[in-house]
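So this one's run.txt, compact mmCIF, C-alpha atoms:
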# COMPACT_ATOMS: atom_id res chain seq x y z
CA MET A 21 -3.85 27.59 -24.91
CA SER A 22 -4.11 24.37 -22.91
CA GLN A 23 -4.43 24.17 -19.19
CA ASN A 24 -3.71 21.18 -16.89
CA VAL A 25 -6.69 20.14 -14.77
CA SER A 26 -6.68 17.33 -12.21
CA ILE A 27 -9.64 14.99 -12.50
CA ASN A 28 -10.37 12.24 -10.02
CA TYR A 29 -11.98 9.72 -12.36
CA GLU A 30 -12.99 7.52 -9.44
CA SER A 31 -15.64 10.03 -8.31
CA ILE A 32 -17.25 10.65 -11.71
CA ASP A 33 -19.83 8.28 -13.17
CA GLU A 34 -20.00 7.50 -16.88
CA ASP A 35 -22.70 10.15 -17.32
CA ASN A 36 -20.33 12.74 -15.74
CA SER A 37 -22.44 13.12 -12.60
CA MET A 38 -20.61 13.20 -9.30
CA ASN A 39 -20.94 10.02 -7.27
CA THR A 40 -19.29 10.64 -3.92
CA SER A 41 -20.54 7.69 -1.89
CA PRO A 42 -17.81 5.23 -3.00
CA ALA A 43 -15.10 7.84 -2.40
CA TYR A 44 -16.39 8.58 1.11
CA ALA A 45 -16.77 4.86 1.80
CA ALA A 46 -13.14 4.34 0.80
CA THR A 47 -12.13 7.18 3.12
CA LEU A 48 -14.02 5.69 6.07
CA LEU A 49 -12.47 2.28 5.43
CA ARG A 50 -9.02 3.85 5.09
CA LEU A 51 -9.37 5.64 8.43
CA ALA A 52 -10.64 2.51 10.20
CA LEU A 53 -7.88 0.29 8.79
CA GLY A 54 -5.24 2.90 9.53
CA SER A 55 -6.42 3.24 13.12
CA MET A 56 -6.36 -0.54 13.57
CA TYR A 57 -2.84 -0.94 12.17
CA LEU A 58 -1.55 2.04 14.16
CA ALA A 59 -3.12 0.72 17.38
CA HIS A 60 -1.59 -2.73 16.90
CA GLY A 61 1.84 -1.27 16.18
CA LEU A 62 1.66 1.04 19.20
CA LEU A 63 0.55 -1.87 21.38
CA LYS A 64 3.71 -3.72 20.38
CA LEU A 65 5.83 -0.61 21.00
CA LEU A 66 4.35 0.72 24.23
CA VAL A 67 2.92 -2.34 26.00
CA PHE A 68 4.82 -5.39 24.79
CA THR A 69 7.99 -3.34 24.05
CA PRO A 70 10.26 -3.99 21.08
CA GLU A 71 12.25 -6.52 23.13
CA GLY A 72 9.11 -8.40 24.18
CA THR A 73 7.81 -8.36 20.62
CA ALA A 74 11.15 -9.72 19.36
CA GLY A 75 10.97 -12.44 22.02
CA PHE A 76 7.47 -13.43 20.94
CA PHE A 77 8.53 -13.66 17.29
CA SER A 78 11.52 -15.76 18.35
CA SER A 79 9.17 -18.10 20.24
CA LEU A 80 7.39 -18.69 16.92
CA GLY A 81 10.65 -19.81 15.34
CA LEU A 82 11.12 -16.55 13.43
CA PRO A 83 14.13 -14.27 13.64
CA GLY A 84 13.54 -11.91 16.57
CA PHE A 85 14.10 -8.81 14.44
CA PHE A 86 10.87 -9.58 12.56
CA GLY A 87 8.98 -8.36 15.65
CA PRO A 88 10.23 -4.75 15.61
CA VAL A 89 10.05 -4.74 11.79
CA THR A 90 6.39 -5.78 11.96
CA MET A 91 5.79 -3.15 14.64
CA ALA A 92 7.38 -0.44 12.47
CA LEU A 93 5.39 -1.55 9.41
CA GLU A 94 2.13 -1.38 11.37
CA ILE A 95 2.91 2.08 12.76
CA ALA A 96 4.13 3.50 9.45
CA GLY A 97 1.40 1.78 7.43
CA GLY A 98 -1.35 2.85 9.82
CA THR A 99 -0.13 6.44 9.75
CA ALA A 100 0.06 6.41 5.95
CA LEU A 101 -3.48 5.03 5.70
CA ILE A 102 -4.89 7.65 8.07
CA LEU A 103 -3.16 10.44 6.16
CA GLY A 104 -4.01 8.96 2.78
CA VAL A 105 -0.47 8.53 1.51
CA TYR A 106 -0.71 5.99 -1.32
CA ALA A 107 -3.29 4.22 0.82
CA ARG A 108 -4.34 1.77 -1.88
CA TYR A 109 -0.83 0.35 -2.10
CA VAL A 110 -0.11 0.57 1.63
CA ALA A 111 -3.23 -1.53 2.35
CA ALA A 112 -2.01 -4.17 -0.11
CA ALA A 113 1.54 -4.08 1.27
CA LEU A 114 0.29 -4.77 4.81
CA ILE A 115 -1.57 -7.96 3.83
CA PRO A 116 1.53 -10.17 4.33
CA VAL A 117 1.68 -9.00 7.98
CA LEU A 118 -1.87 -10.26 8.49
CA LEU A 119 -1.19 -13.48 6.57
CA GLY A 120 1.73 -14.10 8.92
CA ALA A 121 -0.58 -13.54 11.90
CA VAL A 122 -3.05 -16.09 10.51
CA ILE A 123 -0.48 -18.71 9.54
CA LEU A 124 1.90 -18.42 12.49
CA VAL A 125 -0.29 -17.34 15.40
CA HIS A 126 -4.06 -17.49 15.01
CA GLY A 127 -4.72 -20.20 12.41
CA ALA A 128 -4.42 -23.15 14.79
CA ASN A 129 -6.70 -21.49 17.36
CA GLY A 130 -9.93 -22.01 15.44
CA TRP A 131 -12.21 -19.50 13.79
CA GLY A 132 -13.46 -17.29 16.64
CA PHE A 133 -11.18 -14.47 17.73
CA GLY A 134 -12.54 -14.95 21.27
CA ASN A 135 -10.93 -18.41 21.39
CA LYS A 136 -7.89 -18.92 23.59
CA GLY A 137 -4.96 -17.31 21.74
CA GLY A 138 -7.37 -15.62 19.31
CA GLY A 139 -8.70 -17.38 16.23
CA TRP A 140 -8.23 -16.40 12.61
CA GLU A 141 -11.58 -14.59 12.17
CA TYR A 142 -10.33 -11.03 12.83
CA PRO A 143 -7.08 -11.09 10.82
CA VAL A 144 -8.83 -12.71 7.85
CA PHE A 145 -11.54 -10.04 8.00
CA LEU A 146 -8.80 -7.38 8.00
CA ILE A 147 -7.20 -9.03 4.96
CA ALA A 148 -10.56 -8.79 3.16
CA ALA A 149 -10.93 -5.14 4.25
CA SER A 150 -7.39 -4.39 3.01
CA VAL A 151 -8.22 -5.97 -0.37
CA VAL A 152 -11.38 -3.85 -0.56
CA GLN A 153 -9.32 -0.74 0.25
CA PHE A 154 -6.98 -1.62 -2.59
CA LEU A 155 -9.92 -2.10 -4.98
CA LEU A 156 -11.80 1.06 -3.89
CA GLY A 157 -8.74 3.27 -3.87
CA ASP A 158 -7.64 6.06 -1.58
CA GLY A 159 -10.96 7.86 -1.21
CA ARG A 160 -11.39 11.53 -0.36
CA TYR A 161 -8.95 13.72 1.52
CA ALA A 162 -5.89 11.64 0.64
CA LEU A 163 -2.61 13.54 0.81
CA LYS A 164 -0.87 11.49 -1.89
CA SER A 165 -2.81 9.42 -4.36
CA GLN A 166 -2.01 7.65 -7.60
CA GLU A 167 -5.64 8.00 -8.65
CA THR A 168 -5.63 11.65 -9.67
CA LYS A 169 -4.76 11.94 -13.34
CA SER A 170 -3.95 15.04 -15.30
CA ALA A 171 -5.97 15.88 -18.35
CA THR A 172 -5.32 18.64 -20.82
CA VAL A 173 -8.38 20.79 -21.44
Output the structure of this file as structure tokens.
Amino acid sequence: MSQNVSINYESIDEDNSMNTSPAYAATLLRLALGSMYLAHGLLKLLVFTPEGTAGFFSSLGLPGFFGPVTMALEIAGGTALILGVYARYVAAALIPVLLGAVILVHGANGWGFGNKGGGWEYPVFLIAASVVQFLLGDGRYALKSQETKSATV
């Protein structure tokens, strides 16, 4: 009689010993990235307002509706990361938002984020952190993960 057992291969070394540090590191990164994205989306919603965000995007030469779309992506993506809902893929999907911030807003302001208008240092760091999240995976305590595979024992 066979029985289905879920095995998270990411947390088992080749010698079958448990190695939890990378999984917990991925969880900590996921929570930090999720908090950052959620905070930025809520800033656009509650402080700048959807109308103000649309106006800012329009001032960049983009269609105004990109502002509220970006805001919604940050809120939904941040929430998904915090909860661990396909976090690996959510982190990768949010990279274009950060690339847009670098190319359209912060890139011309120099490296330091403390520069007038904010430089590209912070968004590029967040791109690197999002890539690392994608490479590490969802980590522990993820609600929905593609990393758990079924094995018949």
Among the residues A:Leu80, A:Val89, A:Ala59, A:Ile115, the one that comes closest to Val152 of chain A [using only C-alpha atoms]:
A:Ile115
Restricting the calculation to all atoms listed in the file: of A:Leu82, A:Ala45, A:Ala148, A:Leu51, which residue gets closest to Val125 of chain A?
A:Leu82
Find the residues around Phe154 of chain A up to 12 Å (all atoms listed in the file counted), leave out those fewer than 2 positions away in its own chain, and share them as a PyMOL selection string.
chain A and resi 46-47+49-50+53+101+106-115+147-152+156-159+165-167
So, with all atoms listed in the file as the atoms that count, which of A:Ala162, A:Ala74, A:Ala128, A:Val105 lies closest to Thr90 of chain A?
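For Thr90 of chain A, the nearest of the given residues is A:Ala74.
The spacing separating atom CA of Met91 of chain A from atom CA of Leu155 of chain A amounts to 25.2 Å.
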Nearest to Ala92 of chain A among A:Phe76, A:Leu119, A:Gly104, A:Leu62, with distances taken over all atoms listed in the file: which residue is it?
A:Leu62
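Ranking A:Glu94, A:Lys136, A:Gly81, A:Ile102 by their shortest atom-to-atom distance to Pro116 of chain A, with all atoms listed in the file included, puts A:Glu94 first.
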Pick from A:Phe77, A:Tyr142, A:Tyr57, A:Tyr44 nearest to Gly130 of chain A, counting only C-alpha atoms:
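Distance minimum relative to Gly130 of chain A lands on A:Tyr142.
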Rounded to one decimal in Å, what is the spacing between atom CA of Gly120 of chain A and atom CA of Phe85 of chain A?
14.5 Å
Atom pair atom CA of Ser79 of chain A / atom CA of Leu124 of chain A: separation (Å)
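Taking atom CA of Ser79 of chain A and atom CA of Leu124 of chain A, their separation equals 10.6 Å.
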Output requested as a tab-separated table (two decimals), in the coordinates of the input - segment 45-67 of chain A, filled out with N, CA and C atoms.
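Generated file (part-v4.tsv):
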chain	number	residue	atom	x	y	z
A	45	ALA	N	-16.87	6.20	1.22
A	45	ALA	CA	-16.77	4.86	1.80
A	45	ALA	C	-15.31	4.41	1.87
A	46	ALA	N	-14.57	4.68	0.81
A	46	ALA	CA	-13.14	4.34	0.80
A	46	ALA	C	-12.39	5.12	1.87
A	47	THR	N	-12.77	6.37	2.08
A	47	THR	CA	-12.13	7.18	3.12
A	47	THR	C	-12.41	6.61	4.50
A	48	LEU	N	-13.66	6.25	4.76
A	48	LEU	CA	-14.02	5.69	6.07
A	48	LEU	C	-13.27	4.39	6.31
A	49	LEU	N	-13.21	3.53	5.30
A	49	LEU	CA	-12.47	2.28	5.43
A	49	LEU	C	-10.99	2.55	5.67
A	50	ARG	N	-10.43	3.49	4.93
A	50	ARG	CA	-9.02	3.85	5.09
A	50	ARG	C	-8.71	4.31	6.52
A	51	LEU	N	-9.58	5.15	7.07
A	51	LEU	CA	-9.37	5.64	8.43
A	51	LEU	C	-9.50	4.52	9.47
A	52	ALA	N	-10.46	3.63	9.26
A	52	ALA	CA	-10.64	2.51	10.20
A	52	ALA	C	-9.45	1.55	10.14
A	53	LEU	N	-9.03	1.18	8.93
A	53	LEU	CA	-7.88	0.29	8.79
A	53	LEU	C	-6.61	0.94	9.34
A	54	GLY	N	-6.42	2.20	9.03
A	54	GLY	CA	-5.24	2.90	9.53
A	54	GLY	C	-5.20	2.95	11.04
A	55	SER	N	-6.35	3.21	11.65
A	55	SER	CA	-6.42	3.24	13.12
A	55	SER	C	-6.10	1.87	13.71
A	56	MET	N	-6.61	0.81	13.09
A	56	MET	CA	-6.36	-0.54	13.57
A	56	MET	C	-4.87	-0.88	13.48
A	57	TYR	N	-4.26	-0.63	12.32
A	57	TYR	CA	-2.84	-0.94	12.17
A	57	TYR	C	-2.00	-0.10	13.14
A	58	LEU	N	-2.30	1.17	13.26
A	58	LEU	CA	-1.55	2.04	14.16
A	58	LEU	C	-1.69	1.56	15.61
A	59	ALA	N	-2.90	1.20	16.02
A	59	ALA	CA	-3.12	0.72	17.38
A	59	ALA	C	-2.34	-0.56	17.66
A	60	HIS	N	-2.33	-1.48	16.70
A	60	HIS	CA	-1.59	-2.73	16.90
A	60	HIS	C	-0.09	-2.49	16.97
A	61	GLY	N	0.42	-1.59	16.12
A	61	GLY	CA	1.84	-1.27	16.18
A	61	GLY	C	2.22	-0.58	17.48
A	62	LEU	N	1.38	0.35	17.93
A	62	LEU	CA	1.66	1.04	19.20
A	62	LEU	C	1.54	0.11	20.39
A	63	LEU	N	0.65	-0.87	20.32
A	63	LEU	CA	0.55	-1.87	21.38
A	63	LEU	C	1.87	-2.64	21.50
A	64	LYS	N	2.43	-3.02	20.37
A	64	LYS	CA	3.71	-3.72	20.38
A	64	LYS	C	4.83	-2.83	20.92
A	65	LEU	N	4.79	-1.55	20.57
A	65	LEU	CA	5.83	-0.61	21.00
A	65	LEU	C	5.71	-0.25	22.48
A	66	LEU	N	4.51	0.13	22.90
A	66	LEU	CA	4.35	0.72	24.23
A	66	LEU	C	3.99	-0.27	25.33
A	67	VAL	N	3.34	-1.37	24.99
A	67	VAL	CA	2.92	-2.34	26.00
A	67	VAL	C	3.85	-3.56	26.00
